[in-house]
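**Student:** Before anything else, here's the structure in question.
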Amino acid sequence: MSVPLFDPAFGLHCVAGNEALFRKLLGKFADQHAEDAAKIGTALDADDWELAHRLAHTLKGIGASLGLLLLQEKAAEIDAAFKANQSPEAIRALLPGLTDTLRDSVTAARGHYA
């Protein structure tokens with residue numbers, strides 16, 4: 001079974017059913033994190049592993065808390081790669097999947113609160 005891109009009912013449950021808060025958090029996510037996959041790549045280019053790992057870890061948590069389940073999964077893959085001390089090449093190989101999922105997640109979030 002594949003993980004859904006967005007489960008708004010799950011995200012709404014995570015904020016105790018507060019629709020206004022949920023919409024606000026989706027907007028904040030879309031505004032502040034849309035470029036995080038590119039930022040991870042830039043951080044890797046600069047050998048800033050700490051920043052790259054932190055960005056991936058943050059996206060994992062955001063995905064979990066907003067019902068952006070596929071984003072959570074893709075970010076968790078990168079987070080796990082960092083924790084396993086995988087090579088930069090191995091981590092970079094995961095970035096296209098995260099980039100596409102992040103783009104689709106931002107679109108879904110914007111569609112939900114628009």
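Letters A, B, ... mark the chains of the structure tokens in the order given; residue numbers begin at 1 per chain; ligand numbers begin at 1, in order shown.
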Among chain A, which residues does DSSP mark as alpha helix (DSSP H) when it is run on the backbone? Keep the chain and numbering as in the structure and answer as number ranges by chain.
**Tutor:** A: 8-14, 19-33, 36-45, 49-66, 69-83, 88-113
**Student:** Determine, using only C-alpha atoms, which residues of range 19-56 of chain A have any atom at most 12 Å from an atom of range 88-92 of chain A, and tabulate each with its shortest atom pair and distance in Å to one decimal place, rows ordered by chain and then rising number, as a Markdown table.
**Tutor:**
| residue | atom | partner | partner_atom | distance |
| --- | --- | --- | --- | --- |
| A:Ala37 | CA | A:Arg92 | CA | 10.3 |
| A:Ala38 | CA | A:Arg92 | CA | 10.8 |
| A:Ile40 | CA | A:Arg92 | CA | 9.1 |
| A:Gly41 | CA | A:Arg92 | CA | 7.3 |
| A:Thr42 | CA | A:Arg92 | CA | 10.7 |
| A:Ala43 | CA | A:Pro88 | CA | 10.9 |
| A:Leu44 | CA | A:Pro88 | CA | 7.2 |
| A:Asp45 | CA | A:Pro88 | CA | 9.2 |
| A:Ala46 | CA | A:Pro88 | CA | 11.4 |
| A:Asp47 | CA | A:Pro88 | CA | 9.1 |
| A:Asp48 | CA | A:Pro88 | CA | 11.0 |
| A:Trp49 | CA | A:Pro88 | CA | 9.2 |
| A:Ala52 | CA | A:Ile91 | CA | 10.0 |
| A:His53 | CA | A:Ile91 | CA | 10.1 |
| A:Ala56 | CA | A:Ile91 | CA | 10.7 |
**Student:** Just N, CA, C and O atoms for this one: save the residues we selected as a compact mmCIF listing (two decimals), in the first residue's frame.
**Tutor:**
# COMPACT_ATOMS: atom_id res chain seq x y z
N ALA A 37 14.20 21.41 0.04
CA ALA A 37 14.95 20.37 -0.67
C ALA A 37 16.16 20.99 -1.36
O ALA A 37 17.27 20.44 -1.31
N ALA A 38 15.96 22.14 -1.99
CA ALA A 38 17.09 22.84 -2.63
C ALA A 38 18.10 23.29 -1.58
O ALA A 38 19.32 23.23 -1.82
N ILE A 40 18.76 21.76 1.17
CA ILE A 40 19.53 20.59 1.57
C ILE A 40 20.66 20.36 0.58
O ILE A 40 21.80 20.12 0.97
N GLY A 41 20.37 20.46 -0.71
CA GLY A 41 21.40 20.31 -1.73
C GLY A 41 22.49 21.34 -1.60
O GLY A 41 23.69 21.02 -1.70
N THR A 42 22.12 22.58 -1.35
CA THR A 42 23.09 23.66 -1.17
C THR A 42 23.95 23.41 0.05
O THR A 42 25.17 23.61 0.03
N ALA A 43 23.33 22.95 1.13
CA ALA A 43 24.08 22.65 2.35
C ALA A 43 25.07 21.50 2.10
O ALA A 43 26.21 21.55 2.58
N LEU A 44 24.65 20.49 1.36
CA LEU A 44 25.57 19.40 1.02
C LEU A 44 26.73 19.91 0.19
O LEU A 44 27.88 19.51 0.41
N ASP A 45 26.44 20.81 -0.76
CA ASP A 45 27.50 21.40 -1.59
C ASP A 45 28.53 22.13 -0.74
O ASP A 45 29.71 22.16 -1.06
N ALA A 46 28.04 22.73 0.35
CA ALA A 46 28.91 23.51 1.24
C ALA A 46 29.50 22.64 2.37
O ALA A 46 30.14 23.17 3.28
N ASP A 47 29.28 21.34 2.30
CA ASP A 47 29.73 20.41 3.35
C ASP A 47 29.15 20.76 4.72
O ASP A 47 29.79 20.51 5.74
N ASP A 48 27.97 21.34 4.73
CA ASP A 48 27.29 21.65 5.98
C ASP A 48 26.29 20.53 6.27
O ASP A 48 25.08 20.66 6.07
N TRP A 49 26.83 19.41 6.74
CA TRP A 49 26.02 18.23 7.00
C TRP A 49 25.00 18.49 8.09
O TRP A 49 23.89 17.96 8.04
N ALA A 52 22.03 20.37 6.55
CA ALA A 52 21.30 19.50 5.63
C ALA A 52 20.47 18.47 6.41
O ALA A 52 19.29 18.24 6.10
N HIS A 53 21.08 17.89 7.43
CA HIS A 53 20.37 16.89 8.24
C HIS A 53 19.21 17.54 9.00
O HIS A 53 18.11 17.00 9.07
N ALA A 56 16.23 18.14 6.70
CA ALA A 56 15.52 16.89 6.41
C ALA A 56 14.70 16.44 7.62
O ALA A 56 13.54 16.04 7.49
**Student:** Point out the residue among A:Phe10, A:Tyr113, A:Phe29, A:Phe82 with the least atom-to-atom distance to Arg54 in chain A, counting only C-alpha atoms.
**Tutor:**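 Closest residue, counting only C-alpha atoms: A:Phe82.
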**Student:** Using only C-alpha atoms, which protein or nucleic acid residues come within 12 Å of Ala20 in chain A? Drop anything in the same chain fewer than 6 positions from it, and give the result as a list of chain:residue names.
**Tutor:** A:Leu12, A:Leu26, A:Gly27, A:His112, A:Tyr113
**Student:** Quick one: pull the distance between CA of Leu69 in chain A and CA of Ser105 in chain A, Å, one decimal.
**Tutor:** 9.1 Å
**Student:** At what distance in Å, to one decimal, does CA of Pro4 in chain A lie from CA of Leu59 in chain A?
**Tutor:**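 Interatomic distance here is 16.1 Å.
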**Student:** Quick one: residues within 10 Å of Leu25 in chain A, only C-alpha atoms counted, chain neighbours fewer than 6 positions away excluded, as a list in words?
**Tutor:** Gly11, Val15, Glu19, Asp31, Ile62, Ser65, Leu66, Ala109 and Tyr113 of chain A
**Student:** Find the residue from A:Ala16, A:Leu70, A:Leu51, A:Ala9 that sits nearest to Asp100 in chain A; use only C-alpha atoms when measuring.
**Tutor:**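 Among the listed residues, A:Leu70 lies closest to Asp100 in chain A.
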**Student:** In Å, with one decimal, what is the gap from CA of Glu73 in chain A to CA of Asn85 in chain A?
**Tutor:**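 Result for CA of Glu73 in chain A versus CA of Asn85 in chain A: 18.5 Å, one decimal.
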**Student:** Between A:Lys60, A:Cys14, A:Ala30, A:Lys24, which is the closest to Gln72 in chain A once you count only C-alpha atoms?
**Tutor:**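 Among the listed residues, A:Lys60 lies closest to Gln72 in chain A.
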**Student:** Please identify all polymer residues within 10 Å of Lys28 in chain A, counting only C-alpha atoms, omitting same-chain residues fewer than 6 positions from it, and present them as a PDB file with C-alpha atoms, in the first residue's frame.
**Tutor:**
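File produced: selection03.pdb:
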ATOM      1  CA  PHE A  22      -4.497  23.792  10.663  1.00  0.00           C
ATOM      2  CA  ALA A  34       8.919  25.178  -0.178  1.00  0.00           C
ATOM      3  CA  ALA A 109      -1.219  22.548   1.325  1.00  0.00           C
ATOM      4  CA  ARG A 110      -1.932  25.710  -0.655  1.00  0.00           C
TER       5      ARG A 110
END
